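Heads up, start27.txt below (compact mmCIF, C-alpha atoms):
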```txt
# COMPACT_ATOMS: atom_id res chain seq x y z
CA MET A 1435 -25.01 27.05 11.18
CA SER A 1436 -22.51 24.39 10.15
CA GLU A 1437 -19.25 25.55 8.61
CA TYR A 1438 -18.70 22.28 6.79
CA ILE A 1439 -20.39 19.91 4.39
CA THR A 1440 -20.71 16.20 5.09
CA THR A 1441 -19.30 14.29 2.15
CA TYR A 1442 -20.39 10.96 0.67
CA THR A 1443 -17.75 9.09 2.68
CA GLY A 1444 -18.75 10.90 5.88
CA LYS A 1445 -15.99 13.49 6.08
CA HIS A 1446 -16.67 17.00 7.42
CA PHE A 1447 -15.14 19.25 4.79
CA ASN A 1448 -14.93 23.04 4.95
CA PRO A 1449 -14.74 24.34 1.34
CA THR A 1450 -13.49 27.77 2.44
CA GLN A 1451 -10.72 26.30 4.60
CA PRO A 1452 -10.00 23.02 2.82
CA ASN A 1453 -7.93 20.33 4.46
CA PRO A 1454 -6.07 18.27 1.81
CA ASP A 1455 -6.16 15.21 4.07
CA LEU A 1456 -9.96 15.16 3.72
CA ILE A 1457 -9.99 15.35 -0.08
CA SER A 1458 -11.16 11.95 -1.31
CA ILE A 1459 -11.24 10.57 -4.84
CA GLN A 1460 -14.30 8.52 -3.82
CA ASP A 1461 -16.15 11.69 -2.83
CA ILE A 1462 -15.13 13.37 -6.08
CA ALA A 1463 -16.20 10.44 -8.27
CA HIS A 1464 -19.52 10.04 -6.49
CA ALA A 1465 -20.52 13.69 -6.39
CA LEU A 1466 -19.49 14.49 -9.97
CA SER A 1467 -21.50 11.53 -11.25
CA LEU A 1468 -24.63 13.14 -9.73
CA ILE A 1469 -24.00 16.82 -10.58
CA CYS A 1470 -25.63 17.79 -13.86
CA ARG A 1471 -23.66 19.64 -16.51
CA GLY A 1472 -24.87 23.11 -17.52
CA ASN A 1473 -26.56 23.80 -14.18
CA GLY A 1474 -29.26 21.35 -15.23
CA HIS A 1475 -30.22 23.24 -18.38
CA VAL A 1476 -29.81 20.28 -20.73
CA GLN A 1477 -32.22 18.21 -22.77
CA THR A 1478 -31.04 14.99 -21.18
CA PHE A 1479 -28.99 14.29 -18.07
CA TRP A 1480 -25.24 14.59 -18.56
CA SER A 1481 -23.11 14.67 -15.46
CA VAL A 1482 -19.95 16.61 -14.76
CA GLY A 1483 -18.38 13.22 -14.12
CA GLN A 1484 -19.18 12.08 -17.67
CA HIS A 1485 -17.72 15.31 -19.04
CA CYS A 1486 -14.51 14.79 -17.08
CA ILE A 1487 -14.26 11.18 -18.22
CA CYS A 1488 -14.59 12.26 -21.85
CA CYS A 1489 -11.92 14.92 -21.38
CA ALA A 1490 -9.58 12.32 -19.85
CA LYS A 1491 -10.23 9.85 -22.67
CA GLU A 1492 -9.59 12.56 -25.25
CA ALA A 1493 -6.28 13.43 -23.60
CA ALA A 1494 -5.29 9.76 -23.68
CA ALA A 1495 -6.36 9.43 -27.35
CA ARG A 1496 -4.18 12.42 -28.21
CA GLY A 1497 -1.21 10.65 -26.70
CA LEU A 1498 -0.80 13.07 -23.81
CA SER A 1499 0.94 12.01 -20.61
CA ASP A 1500 -0.76 10.09 -17.80
CA ARG A 1501 -0.42 13.25 -15.74
CA MET A 1502 -2.45 15.21 -18.31
CA VAL A 1503 -5.08 12.48 -18.48
CA LEU A 1504 -5.47 12.77 -14.70
CA ALA A 1505 -5.53 16.57 -14.91
CA CYS A 1506 -8.43 16.34 -17.37
CA LEU A 1507 -10.21 13.86 -15.12
CA LEU A 1508 -9.81 16.18 -12.12
CA HIS A 1509 -10.25 19.60 -13.73
CA ASP A 1510 -13.80 20.05 -12.37
CA ALA A 1511 -13.17 18.24 -9.07
CA SER A 1512 -13.63 21.42 -7.04
CA GLU A 1513 -17.34 21.27 -7.94
CA CYS A 1514 -17.55 18.20 -5.70
CA TYR A 1515 -17.11 20.54 -2.73
CA MET A 1516 -18.22 23.95 -4.03
CA SER A 1517 -20.84 23.05 -6.62
CA ASP A 1518 -20.87 24.83 -9.96
CA VAL A 1519 -21.74 28.45 -10.69
CA PRO A 1520 -22.79 29.52 -14.21
CA THR A 1521 -19.93 31.36 -15.94
CA PRO A 1522 -21.75 34.74 -16.36
CA PHE A 1523 -22.46 34.79 -12.62
CA LYS A 1524 -19.04 33.44 -11.64
CA LYS A 1525 -17.37 36.39 -13.39
CA GLU A 1526 -19.05 38.66 -10.82
CA LEU A 1527 -17.76 36.61 -7.88
CA PRO A 1528 -14.01 37.19 -7.60
CA GLU A 1529 -13.83 35.70 -4.11
CA TYR A 1530 -15.56 32.53 -5.30
CA GLN A 1531 -13.11 32.24 -8.19
CA GLU A 1532 -10.20 32.67 -5.81
CA GLN A 1533 -11.53 29.97 -3.46
CA GLU A 1534 -12.21 27.63 -6.38
CA GLU A 1535 -8.73 28.08 -7.83
CA HIS A 1536 -7.17 27.52 -4.41
CA LEU A 1537 -9.11 24.30 -3.91
CA LEU A 1538 -8.34 23.03 -7.42
CA ARG A 1539 -4.62 23.71 -6.91
CA MET A 1540 -4.82 21.72 -3.69
CA ILE A 1541 -6.50 18.83 -5.53
CA TYR A 1542 -3.82 18.85 -8.23
CA GLU A 1543 -1.07 18.93 -5.62
CA LYS A 1544 -2.60 15.97 -3.78
CA PHE A 1545 -3.16 13.74 -6.78
CA LEU A 1546 -0.58 15.00 -9.30
CA GLY A 1547 2.17 16.15 -6.96
CA SER A 1548 2.10 19.75 -8.20
CA THR A 1549 -0.12 22.32 -9.87
CA LEU A 1550 -0.34 22.55 -13.66
CA THR A 1551 2.18 24.45 -15.71
CA SER A 1552 0.98 27.12 -18.15
CA GLY A 1553 1.54 24.65 -21.01
CA GLU A 1554 -0.52 21.97 -19.27
CA GLN A 1555 -3.27 24.48 -18.53
CA ALA A 1556 -3.37 25.38 -22.23
CA GLN A 1557 -3.71 21.72 -23.24
CA LEU A 1558 -6.47 21.22 -20.70
CA LYS A 1559 -8.33 24.33 -21.79
CA GLU A 1560 -8.21 23.26 -25.43
CA ILE A 1561 -9.81 19.89 -24.67
CA ASP A 1562 -12.34 21.38 -22.24
CA HIS A 1563 -13.40 24.02 -24.78
CA ALA A 1564 -13.79 21.43 -27.54
CA MET A 1565 -16.04 19.34 -25.30
CA LEU A 1566 -18.12 22.40 -24.47
CA LEU A 1567 -18.89 23.02 -28.14
CA TYR A 1568 -20.11 19.46 -28.61
CA ASP A 1569 -22.11 19.65 -25.37
CA LEU A 1570 -23.85 22.83 -26.49
CA GLU A 1571 -24.85 21.23 -29.77
CA ASN A 1572 -25.90 17.85 -28.41
CA LEU A 1573 -27.34 18.78 -25.03
CA LEU A 1574 -28.91 22.14 -25.82
CA GLY A 1575 -29.46 21.95 -29.58
CA GLU A 1576 -27.40 25.10 -30.16
CA VAL A 1577 -25.89 24.87 -33.63
CA GLN A 1578 -22.21 25.80 -33.57
CA TYR A 1579 -20.94 27.86 -36.47
CA GLY A 1580 -17.38 28.17 -37.62
CA GLU A 1581 -14.71 25.54 -37.28
CA ILE A 1582 -15.37 22.96 -34.57
CA PRO A 1583 -12.28 21.06 -33.42
CA ASP A 1584 -12.10 17.38 -34.24
CA LEU A 1585 -12.05 14.88 -31.41
CA GLN A 1586 -10.08 11.66 -31.27
CA ILE A 1587 -12.91 9.90 -29.42
CA ASP A 1588 -16.57 9.31 -30.28
CA LEU A 1589 -18.98 11.00 -27.89
CA ASP A 1590 -22.00 9.06 -26.69
CA TYR A 1591 -24.60 11.11 -24.86
CA THR A 1592 -26.66 8.10 -23.80
CA VAL A 1593 -27.98 8.51 -20.26
CA ARG A 1594 -26.15 6.09 -17.96
CA PRO A 1595 -26.72 5.01 -14.34
CA PHE A 1596 -24.65 7.26 -12.12
CA THR A 1597 -23.09 4.19 -10.49
CA GLU A 1598 -21.55 3.21 -13.83
CA VAL A 1599 -20.12 6.70 -14.26
CA GLU A 1600 -18.77 6.69 -10.72
CA ASP A 1601 -17.10 3.30 -11.23
CA GLU A 1602 -15.58 4.34 -14.57
CA TYR A 1603 -14.24 7.56 -13.03
CA LEU A 1604 -12.53 5.56 -10.27
CA MET A 1605 -11.24 3.03 -12.78
CA LEU A 1606 -9.63 5.75 -14.89
CA PHE A 1607 -8.12 7.35 -11.81
CA ALA A 1608 -6.66 4.02 -10.70
CA LYS A 1609 -5.32 3.28 -14.20
CA TYR A 1610 -3.54 6.58 -14.76
CA SER A 1611 -2.42 7.25 -11.20
CA GLY A 1612 -1.09 3.75 -10.65
CA THR A 1613 -3.00 3.48 -7.39
CA ALA A 1614 -5.96 1.34 -6.48
CA ALA A 1615 -9.04 3.31 -5.50
CA SER A 1616 -11.23 1.82 -2.79
CA LYS A 1617 -14.43 0.34 -4.15
CA ALA A 1618 -17.74 1.40 -2.64
CA VAL A 1619 -19.47 -1.34 -0.66
CA TYR A 1620 -23.21 -1.82 -0.27
CA LEU A 1621 -24.49 -1.39 3.27
CA GLU A 1622 -26.75 -4.40 2.75
CA ASP A 1623 -23.70 -6.59 2.11
CA ILE A 1624 -22.17 -5.49 5.40
CA ALA A 1625 -25.50 -6.04 7.20
CA ASP A 1626 -25.68 -9.55 5.70
CA ALA A 1627 -22.15 -10.20 6.99
CA PHE A 1628 -23.22 -9.04 10.46
CA GLU A 1629 -26.00 -11.64 10.42
CA GLU A 1630 -23.59 -14.39 9.40
CA CYS A 1631 -20.78 -13.63 11.86
CA MET A 1632 -19.96 -16.44 14.28
CA ASP A 1633 -17.87 -16.86 17.38
CA GLY A 1634 -14.28 -17.70 16.50
CA TRP A 1635 -14.46 -16.16 13.04
CA ALA A 1636 -13.27 -12.77 11.81
CA GLN A 1637 -14.64 -10.85 8.84
CA PHE A 1638 -12.73 -8.33 6.77
CA LEU A 1639 -13.68 -5.90 4.02
CA ASP A 1640 -11.27 -5.82 1.08
CA THR A 1641 -11.37 -2.08 0.25
CA ARG A 1642 -9.98 -2.73 -3.25
CA THR A 1643 -12.82 -4.97 -4.35
CA GLY A 1644 -15.63 -4.38 -1.85
CA GLU A 1645 -15.57 -8.12 -1.07
CA ILE A 1646 -16.11 -9.38 2.48
CA VAL A 1647 -14.07 -12.40 3.54
CA ALA A 1648 -14.49 -14.57 6.64
CA LEU A 1649 -11.55 -16.33 8.27
CA SER A 1650 -11.33 -18.72 11.19
CA GLU A 1651 -9.31 -17.40 14.10
CA ASP A 1652 -8.33 -20.96 14.99
CA PRO A 1653 -4.92 -21.63 13.34
CA TYR A 1654 -5.69 -25.38 13.23
CA MET A 1655 -8.78 -24.76 11.07
CA ALA A 1656 -7.12 -22.39 8.60
CA CYS A 1657 -6.16 -23.94 5.26
CA GLU A 1658 -3.05 -22.84 3.40
CA GLU A 1659 -5.04 -20.29 1.36
CA ASP A 1660 -6.53 -18.75 4.51
CA GLN A 1661 -3.09 -18.59 6.14
CA GLU A 1662 -1.78 -16.68 3.13
CA LEU A 1663 -4.73 -14.30 3.36
CA TRP A 1664 -4.05 -13.73 7.08
CA GLU A 1665 -0.47 -12.78 6.15
CA GLU A 1666 -1.71 -10.38 3.47
CA ILE A 1667 -4.11 -8.76 5.94
CA ASP A 1668 -1.29 -8.30 8.45
CA GLU A 1669 1.08 -6.82 5.86
CA THR A 1670 -1.22 -4.40 4.03
CA ASP A 1671 -3.78 -1.69 4.78
CA ASP A 1672 -6.21 -3.02 2.17
CA TYR A 1673 -8.42 -4.87 4.67
CA VAL A 1674 -10.62 -3.44 7.43
CA ARG A 1675 -11.97 -5.71 10.12
CA LEU A 1676 -15.74 -5.76 10.62
CA PRO A 1677 -17.31 -5.72 14.11
CA ASN A 1678 -17.73 -9.18 15.63
CA GLN A 1679 -20.92 -10.52 17.18
CA TYR A 1680 -20.03 -9.18 20.63
CA GLU A 1681 -19.39 -5.68 19.30
CA LEU A 1682 -22.77 -5.73 17.52
CA HIS A 1683 -24.57 -6.19 20.88
CA GLU A 1684 -27.57 -8.09 19.55
CA LYS A 1685 -29.03 -8.28 23.05
CA SER A 1686 -29.26 -4.47 23.06
CA ILE A 1687 -31.09 -4.67 19.73
CA MET A 1688 -33.50 -7.20 21.25
CA GLU A 1689 -34.10 -4.97 24.25
CA LYS A 1690 -34.75 -1.96 22.06
CA PHE A 1691 -37.14 -3.97 19.90
CA ALA A 1692 -39.02 -5.12 22.99
CA TYR A 1693 -39.23 -1.54 24.27
CA GLU A 1694 -40.45 -0.20 20.93
CA SER A 1695 -42.92 -3.02 20.21
CA GLY A 1696 -45.88 -0.78 20.99
CA ASN A 1697 -47.65 -3.57 22.87
CA LYS A 1698 -47.25 -3.71 26.64
CA ARG A 1699 -47.93 -7.44 26.88
CA VAL A 1700 -45.44 -8.25 24.09
CA SER A 1701 -42.82 -6.06 25.77
CA GLU A 1702 -43.30 -7.85 29.10
CA VAL A 1703 -42.99 -11.29 27.49
CA LEU A 1704 -39.84 -10.35 25.58
CA PHE A 1705 -38.14 -8.65 28.52
CA ASP A 1706 -38.93 -11.70 30.66
CA ALA A 1707 -37.28 -13.91 28.02
CA LEU A 1708 -34.17 -11.71 28.04
CA ARG A 1709 -33.82 -12.14 31.82
CA ARG A 1710 -33.65 -15.91 31.59
CA ARG A 1711 -30.55 -18.11 31.63
CA HIS A 1712 -30.34 -18.41 27.83
CA PRO A 1713 -31.72 -15.02 26.75
CA TYR A 1714 -30.99 -15.29 23.03
CA ARG A 1715 -32.66 -18.67 22.67
CA CYS A 1716 -35.63 -17.69 24.86
CA PHE A 1717 -36.15 -14.43 23.00
CA LYS A 1718 -36.18 -16.15 19.61
CA ASP A 1719 -38.56 -18.83 20.90
CA LYS A 1720 -40.94 -16.11 22.12
CA ILE A 1721 -40.94 -14.09 18.88
CA ASN A 1722 -41.75 -17.35 17.05
CA ASP A 1723 -44.57 -18.10 19.47
CA LEU A 1724 -45.92 -14.55 19.06
CA GLY A 1725 -45.68 -14.72 15.26
CA ILE A 1726 -43.44 -11.63 15.06
CA SER A 1727 -40.12 -13.24 14.15
CA GLN A 1728 -40.01 -11.68 10.66
CA ILE A 1729 -40.85 -8.28 12.12
CA TYR A 1730 -37.91 -8.61 14.49
CA TYR A 1731 -35.47 -9.78 11.82
CA ASP A 1732 -36.47 -6.87 9.57
CA TYR A 1733 -35.94 -4.54 12.53
CA ARG A 1734 -32.54 -6.08 13.24
CA ASN A 1735 -31.54 -5.75 9.58
CA ARG A 1736 -32.41 -2.04 9.57
CA THR A 1737 -30.36 -1.63 12.75
CA TYR A 1738 -27.43 -3.47 11.17
CA ILE A 1739 -27.60 -1.19 8.13
CA ASN A 1740 -27.42 1.84 10.43
CA ILE A 1741 -24.46 0.29 12.26
CA ALA A 1742 -22.82 -0.47 8.90
CA GLU A 1743 -23.21 3.14 7.77
CA GLU A 1744 -21.65 4.45 10.98
CA TRP A 1745 -18.82 1.90 10.66
CA CYS A 1746 -18.13 3.00 7.07
CA ARG A 1747 -18.02 6.64 8.09
CA ASN A 1748 -15.67 5.94 11.00
CA HIS A 1749 -13.30 3.95 8.77
CA HIS A 1750 -13.64 6.25 5.73
CA VAL A 1751 -15.01 3.41 3.62
CA PRO A 1752 -17.04 4.56 0.58
CA TYR A 1753 -20.50 3.01 0.59
CA ARG A 1754 -23.81 2.86 -1.19
CA ARG A 1755 -27.13 2.65 0.58
CA ASN A 1756 -28.81 -0.06 -1.50
CA ARG A 1757 -28.31 -2.44 -4.38
CA VAL A 1758 -30.82 -0.72 -6.69
CA ASN A 1759 -29.33 0.05 -10.10
CA TYR A 1760 -30.43 3.67 -10.31
CA LYS A 1761 -31.23 5.18 -13.67
CA LEU A 1762 -31.69 8.87 -14.21
```
If you convert what's in this file into structure tokens, what do you get?
Amino acid sequence: MSEYITTYTGKHFNPTQPNPDLISIQDIAHALSLICRGNGHVQTFWSVGQHCICCAKEAAARGLSDRMVLACLLHDASECYMSDVPTPFKKELPEYQEQEEHLLRMIYEKFLGSTLTSGEQAQLKEIDHAMLLYDLENLLGEVQYGEIPDLQIDLDYTVRPFTEVEDEYLMLFAKYSGTAASKAVYLEDIADAFEECMDGWAQFLDTRTGEIVALSEDPYMACEEDQELWEEIDETDDYVRLPNQYELHEKSIMEKFAYESGNKRVSEVLFDALRRRHPYRCFKDKINDLGISQIYYDYRNRTYINIAEEWCRNHHVPYRRNRVNYKL
């Protein structure tokens, strides 16, 4: 059995022997936006990510330091890799608690520079406990007796698309850490770029915005704006180059399509076209003649999406699998 989990960005992470280099804020934001608070025992979906966002906003509203805002945002980040265990059960699992505390310390050290002091832990616990009381009342209908601490923010338990929560989590992290978090890119956008790539042009993904830009490799065709962008690409690590048309090997895709067509005669016609002097043109003429051009282009698009996913994993680029605006 595998000793690791595969994360959203394609990393192989071992929760019992964590490697800090593999801890990713994109993985944390994505996973926490999909993990339900209270082990799922709530009247309406409320993610751990939303809880952490509220804790961070409360810390900011109380005038606490940027470091404390980040601590509140990250205080449940270990659940990204270890999942959550209900408190009554967790009390009976000392080894789990030890592993969780070790991982959380590692997360704090990576993103805050050090673990929390006892005073910082007390501030965090106070905010976390206050949020719990409101969660119990609003998500479970459990009336809370006694004095309930006032909050500086207004809580809104409206169900939100997880993508919105994920983006807000990353935005808060970027704001209070002073670093730009890479934005997740849609695989379809990369696949579309693959279809549009041309000889003599290079395409790059801007990891800060998720935007794909195309630039001519001919210096005589580059305008002043493009030349400035080339300089920025050379001087920063914010851009990742996409595969060009030769690296995509469309002829191999054509051959595989011909092999998998399921019709012997169609396969023979297509393979014959690919052996001719201008194989790309001949192949496309034949799929038009056979009335299967759309079937091929759909097949190629699916292949490009698979290539895009592998490319994202290899370059540690956070991605989403489709443009659907999910609602839970």
Contacts of range 1570-1574 of chain A at 7 Å (only C-alpha atoms; same-chain gap of 5+ positions) as an MDAnalysis selection string:
chainID A and resid 1476:1478
Same residues, C-alpha atoms, saved as a compact mmCIF listing (two decimals), in the frame of the given file:
```txt
# COMPACT_ATOMS: atom_id res chain seq x y z
CA VAL A 1476 -29.81 20.28 -20.73
CA GLN A 1477 -32.22 18.21 -22.77
CA THR A 1478 -31.04 14.99 -21.18
```
Calculate how many Å separate CA of His1464 in chain A from CA of Leu1508 in chain A, rounding to one decimal.
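So the answer is 12.8 Å.
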What gap, in Å, lies between CA of Leu1507 in chain A and CA of Gln1484 in chain A?
9.5 Å
Select, from A:Thr1592, A:Ile1646, A:Leu1537, A:Pro1520, the residue with the minimum atom-to-atom distance to Asn1453 in chain A, counting all atoms listed in the file.
A:Leu1537
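For the pair CA of Thr1441 in chain A and CA of Gly1547 in chain A, the separation is 23.4 Å.
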Please return as a list in words every residue within 8 Å of (-39.9, -6.9, 25.0), taking into account all atoms listed in the file and the file's own coordinates.
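Using all atoms listed in the file, the matching residues come out as Met1688, Glu1689, Lys1690, Phe1691, Ala1692, Tyr1693, Glu1694, Ser1695, Val1700, Ser1701, Glu1702, Val1703, Leu1704, Phe1705 and Asp1706 of chain A.
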Counting all atoms listed in the file, which residue out of A:Cys1489, A:Val1647, A:Ala1618, A:Ala1707 sits closest to Thr1443 in chain A?
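Among A:Cys1489, A:Val1647, A:Ala1618, A:Ala1707, it is A:Ala1618 that comes nearest to Thr1443 in chain A.
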Please provide the set of residues having any atom within 9 Å of Tyr1620 in chain A, restricted to all atoms listed in the file, with same-chain residues fewer than 3 positions apart removed, written as a PyMOL selection string.
chain A and resi 1623-1625+1644+1752-1757
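Residues in contact with range 1548-1556 of chain A at up to 6 Å, not including ones fewer than 5 positions away on its chain and judged by all atoms listed in the file, are Arg1539, Tyr1542 and Glu1543 of chain A.
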From the set A:Ser1650, A:Gln1637, A:Gln1460, A:Ser1467, which residue has the shortest atom-to-atom contact distance to Gly1483 in chain A, counting all atoms listed in the file?
A:Ser1467
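The closest residue to His1683 in chain A, picked from A:Glu1629, A:Asp1660, A:Asp1569, A:Glu1669 and counting all atoms listed in the file, is A:Glu1629.
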Neighbours of Pro1583 in chain A within 12 Å (only C-alpha atoms; same-chain residues fewer than 3 positions away dropped), as a list of chain:residue names?
A:Glu1560, A:Ile1561, A:Asp1562, A:His1563, A:Ala1564, A:Met1565, A:Leu1566, A:Leu1567, A:Tyr1568, A:Gln1578, A:Tyr1579, A:Gly1580, A:Gln1586, A:Ile1587
Rank A:Asp1455, A:Glu1529, A:Thr1440, A:Asp1588 by their smallest atom-to-atom distance to Tyr1515 in chain A, using only C-alpha atoms, and report the top residue only.
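For Tyr1515 in chain A, the nearest of the given residues is A:Thr1440.
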Smallest atom-to-atom distance to Tyr1673 in chain A: which of A:Lys1525, A:Lys1491, A:His1749, A:His1509, using all atoms listed in the file?
A:His1749
Enclosing box along x, y and z for every listed atom of range 1679-1698 of chain A, padded 8 Å each side, centre and size in Å, one decimal, as JSON:
```
{"center_x": -33.5, "center_y": -5.4, "center_z": 21.9, "size_x": 44.3, "size_y": 26.3, "size_z": 25.5}
```
What's the 9 Å shell around Gln1451 in chain A, counting all atoms listed in the file, without same-chain residues fewer than 3 positions away, as a PyMOL selection string?
chain A and resi 1447-1448+1533+1537
